[in-house]
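In what follows, a single structure is set out as structure tokens and then discussed.
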Amino acid sequence: MSGTSLDGVDGVLVDFSHRQIHVLAHASLPLPRPLSREMLALNSSSDDELHRSALAANELVRLYARVVTDLLQRTGLGKAAVAAIGAHGQTVRHQPQSFDGTGYTLQLNNPALLAELTGIAVVADFRSRDIAAGGQGAPLVPAFHQSVFAVPDKTVSALNIGGISNLTVVGPNGAEDVIGFDCGPGNALIDAWCQQHLGQAFDASGAWAASGRVDAELLSLLQNEAYFSLPIPKSTGRDLFNSRWLAERLAKVRPLAPVDVQATLTELSASVCAESVKRYGGASEELIVCGGGAYNVHLMTRLQCLLPGLYVNSSQTHGLPPLQVEATAFAWLARKTMIGETSSLKTVTGARGARILGAIYPA
């Protein structure tokens, strides 16, 4: 998995042969800075996009292959032990239902090359079938959240804070009672501002944001984004929440110290997530947080303050470390594809029905 944070590749080797999912190993590699910059640039129209996208996809897949090799070495397993690799690719455009009524989603990937490099079957292109069926194509992890976090006769909320944040609410009645959608920015704006002003990949523990002051005028302007009031199902990405979006709003307020902008961006992420939980997951007793944002101590503290009636907790306490959840989810989705089972939820994406997601590239 390489998510919208553009910081690296996470891989897991997952055993599904028992009732409880068992992660055998986790490995990660950082995204080289030139590749990260290129992926970010490809989120917007630019020169020679087709050529650059193809080469960026090849470079990304070579990283994927290195992570696969690392996982096999860590476990002592051979490639024959692995049924398939779930490889999501890097999203650079996400425009469901736009332009022609169907829209599109685009993940840079080369699953054929990954199958060649590893000698293992690859499942990729998870989102496009749901979009073809009239859905948002995202988020796809709520079905997985329902399978691992559901509690009988209780409502449970799970919040993934990656570059974009997404919420899953699992009701007491199983799969037909699941809500899921993208809340808005998670780490994307926070990380980009930190990189721009500190030269660091991210704000470790949210310490920089915690030392600043939230600017009420800027926060109100940011919260006024129309996306936040759209009804569900809905999904978003860097197509909307990017540095240009932020710059347009910063131009409307008095000059602020960079640290105060960081504090305000962190409060934005916390507030849009909290409002989403209040609106759709108010019956929950616990909010399970995963993704890189679960390690942002300041962000987690703000979430707890904004949601005093809920226990805000890391997915670590449920047996899955925050940085392993999304990769495990796509392993789960890939397994569903391989055995011919549907894995999308029409209550989440708004599609006409559940679909088998993904395309298989045999070994």
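Each chain in the structure tokens gets a letter, A, B, ..., in the order shown, and its residues are numbered from 1; ligands are numbered from 1 in order too.
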Residue neighbourhood A:Ala54, 8 Å, only C-alpha atoms, exclusion window fewer than 4 positions, as a PyMOL selection string: chain A and resi 50+58+108
Go ahead and save the picked residues with N, CA and C atoms, as an mmCIF file, in the first residue's frame.
```
data_model
loop_
_atom_site.group_PDB
_atom_site.id
_atom_site.type_symbol
_atom_site.label_atom_id
_atom_site.label_comp_id
_atom_site.auth_asym_id
_atom_site.auth_seq_id
_atom_site.Cartn_x
_atom_site.Cartn_y
_atom_site.Cartn_z
ATOM 1 N N LEU A 50 1.426 11.268 -19.772
ATOM 2 C CA LEU A 50 1.336 9.830 -20.035
ATOM 3 C C LEU A 50 2.693 9.153 -19.879
ATOM 4 N N ASN A 58 6.286 2.319 -13.034
ATOM 5 C CA ASN A 58 7.324 1.286 -13.051
ATOM 6 C C ASN A 58 8.227 1.392 -11.818
ATOM 7 N N LEU A 108 -1.713 4.903 -10.378
ATOM 8 C CA LEU A 108 -0.505 4.528 -11.113
ATOM 9 C C LEU A 108 -0.019 3.182 -10.601
#
```
DSSP on the backbone: which residues in stretch 150-325 of chain A end up as alpha helix (DSSP H)? Give the answer as a ChimeraX atom specification. /A:188-198,207-210,216-223,243-250,258-280,297-306,325
Residue with smallest distance to A:Phe202 - pool A:Glu275, A:Asp215, A:Asp7, A:Glu326, counting only C-alpha atoms: A:Asp7
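Residue neighbourhood of stretch 285-297 of chain A, excluding near-sequence residues (fewer than 6 positions): Ser157, Ala158, Leu159, Asn160, Ile161, Gly162, Ser205, Gly206, Leu310, Tyr311, Val312, Asn313, Ser314, Ser315, Pro322 and Leu323 of chain A, at 6 Å, using only C-alpha atoms.
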Of the candidates A:Gly358, A:Pro258, A:Gly350, A:Pro34, which one gets nearest to A:Ala334 if we count only C-alpha atoms? A:Gly358
Nearest residue to A:Gly186 from the set A:Phe241, A:Phe16, A:Phe228, A:Tyr104 (distances using only C-alpha atoms):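 When distances to A:Gly186 are compared using only C-alpha atoms, the smallest one comes from A:Phe241.
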From the set A:Arg66, A:Lys154, A:Arg335, A:Arg93, which residue has the shortest atom-to-atom contact distance to A:Ala283, counting only C-alpha atoms?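 So, comparing all the options, the nearest one is A:Lys154.
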Using only C-alpha atoms, determine which residues lie at most 7 Å from A:Ala87, disregarding the query and same-chain residues fewer than 3 positions distant; provide the list as a PDB file with C-alpha atoms, in the first residue's frame.
```
ATOM      1  CA  MET A   1       0.000   0.000   0.000  1.00  0.00           C
ATOM      2  CA  VAL A 122      -1.257  -9.821  -8.579  1.00  0.00           C
ATOM      3  CA  VAL A 123      -4.679  -8.309  -7.934  1.00  0.00           C
ATOM      4  CA  ALA A 124      -4.972  -4.622  -8.853  1.00  0.00           C
TER       5      ALA A 124
END
```
Name all residues at most 9 Å from A:Ser271 (count only C-alpha atoms; drop same-chain ones fewer than 6 positions away) and give them as a tab-separated table (two decimals) with C-alpha atoms, in the first residue's frame.
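Output file result.tsv follows:
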```tsv
chain	number	residue	atom	x	y	z
A	223	GLN	CA	-14.22	24.56	7.39
A	302	ARG	CA	-7.82	17.02	19.89
A	303	LEU	CA	-10.09	14.22	18.66
A	306	LEU	CA	-13.90	17.12	20.48
```
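For the pair atom CA of A:Leu114 and atom CA of A:Ala188, the separation is 27.2 Å.
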I want to know what sits within 10 Å of A:Thr118, based on only C-alpha atoms, with residues of the same chain fewer than 2 positions away left out; could you give that as a list in words? Arg62, Tyr64, Ala65, Arg66, Val68, Thr69, Lys79, Ile85, Leu113, Leu114, Ala115, Glu116, Ile120, Ala121, Val122 and Ala363 of chain A
Show me, as a list in words, the residues that have an atom within 9 Å of A:Leu222 when counting only C-alpha atoms, minus same-chain residues fewer than 3 positions from it. Glu217, Leu218, Leu219, Glu225, Leu246, Arg249, Leu265 and Leu268 of chain A
Of the residues A:Ala257, A:Leu198, A:Ile356, A:Leu333, which is the one nearest to A:Val214, using only C-alpha atoms?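 Selected residue with least distance to A:Val214: A:Ala257.
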For A:Thr236, which of A:Asn43, A:Thr264, A:Gln136, A:Gln195 is the closest residue, counting only C-alpha atoms?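 Between A:Asn43, A:Thr264, A:Gln136, A:Gln195, the residue approaching A:Thr236 most closely is A:Gln136.
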Considering only strand (DSSP E or B) as DSSP defines it on the backbone, what residues of stretch 182-224 of chain A qualify? List them as an mmCIF file with N, CA and C atoms, in the first residue's frame.
```cif
data_model
loop_
_atom_site.group_PDB
_atom_site.id
_atom_site.type_symbol
_atom_site.label_atom_id
_atom_site.label_comp_id
_atom_site.auth_asym_id
_atom_site.auth_seq_id
_atom_site.Cartn_x
_atom_site.Cartn_y
_atom_site.Cartn_z
ATOM 1 N N ASP A 182 -15.322 9.395 2.904
ATOM 2 C CA ASP A 182 -14.147 10.226 3.151
ATOM 3 C C ASP A 182 -14.574 11.485 3.896
ATOM 4 N N CYS A 183 -13.954 11.732 5.051
ATOM 5 C CA CYS A 183 -14.281 12.928 5.843
ATOM 6 C C CYS A 183 -13.698 14.185 5.216
ATOM 7 N N GLY A 184 -12.441 14.082 4.769
ATOM 8 C CA GLY A 184 -11.736 15.240 4.226
ATOM 9 C C GLY A 184 -10.243 15.069 4.445
ATOM 10 N N PRO A 185 -9.502 16.154 4.621
ATOM 11 C CA PRO A 185 -8.049 16.036 4.787
ATOM 12 C C PRO A 185 -7.694 15.340 6.090
#
```
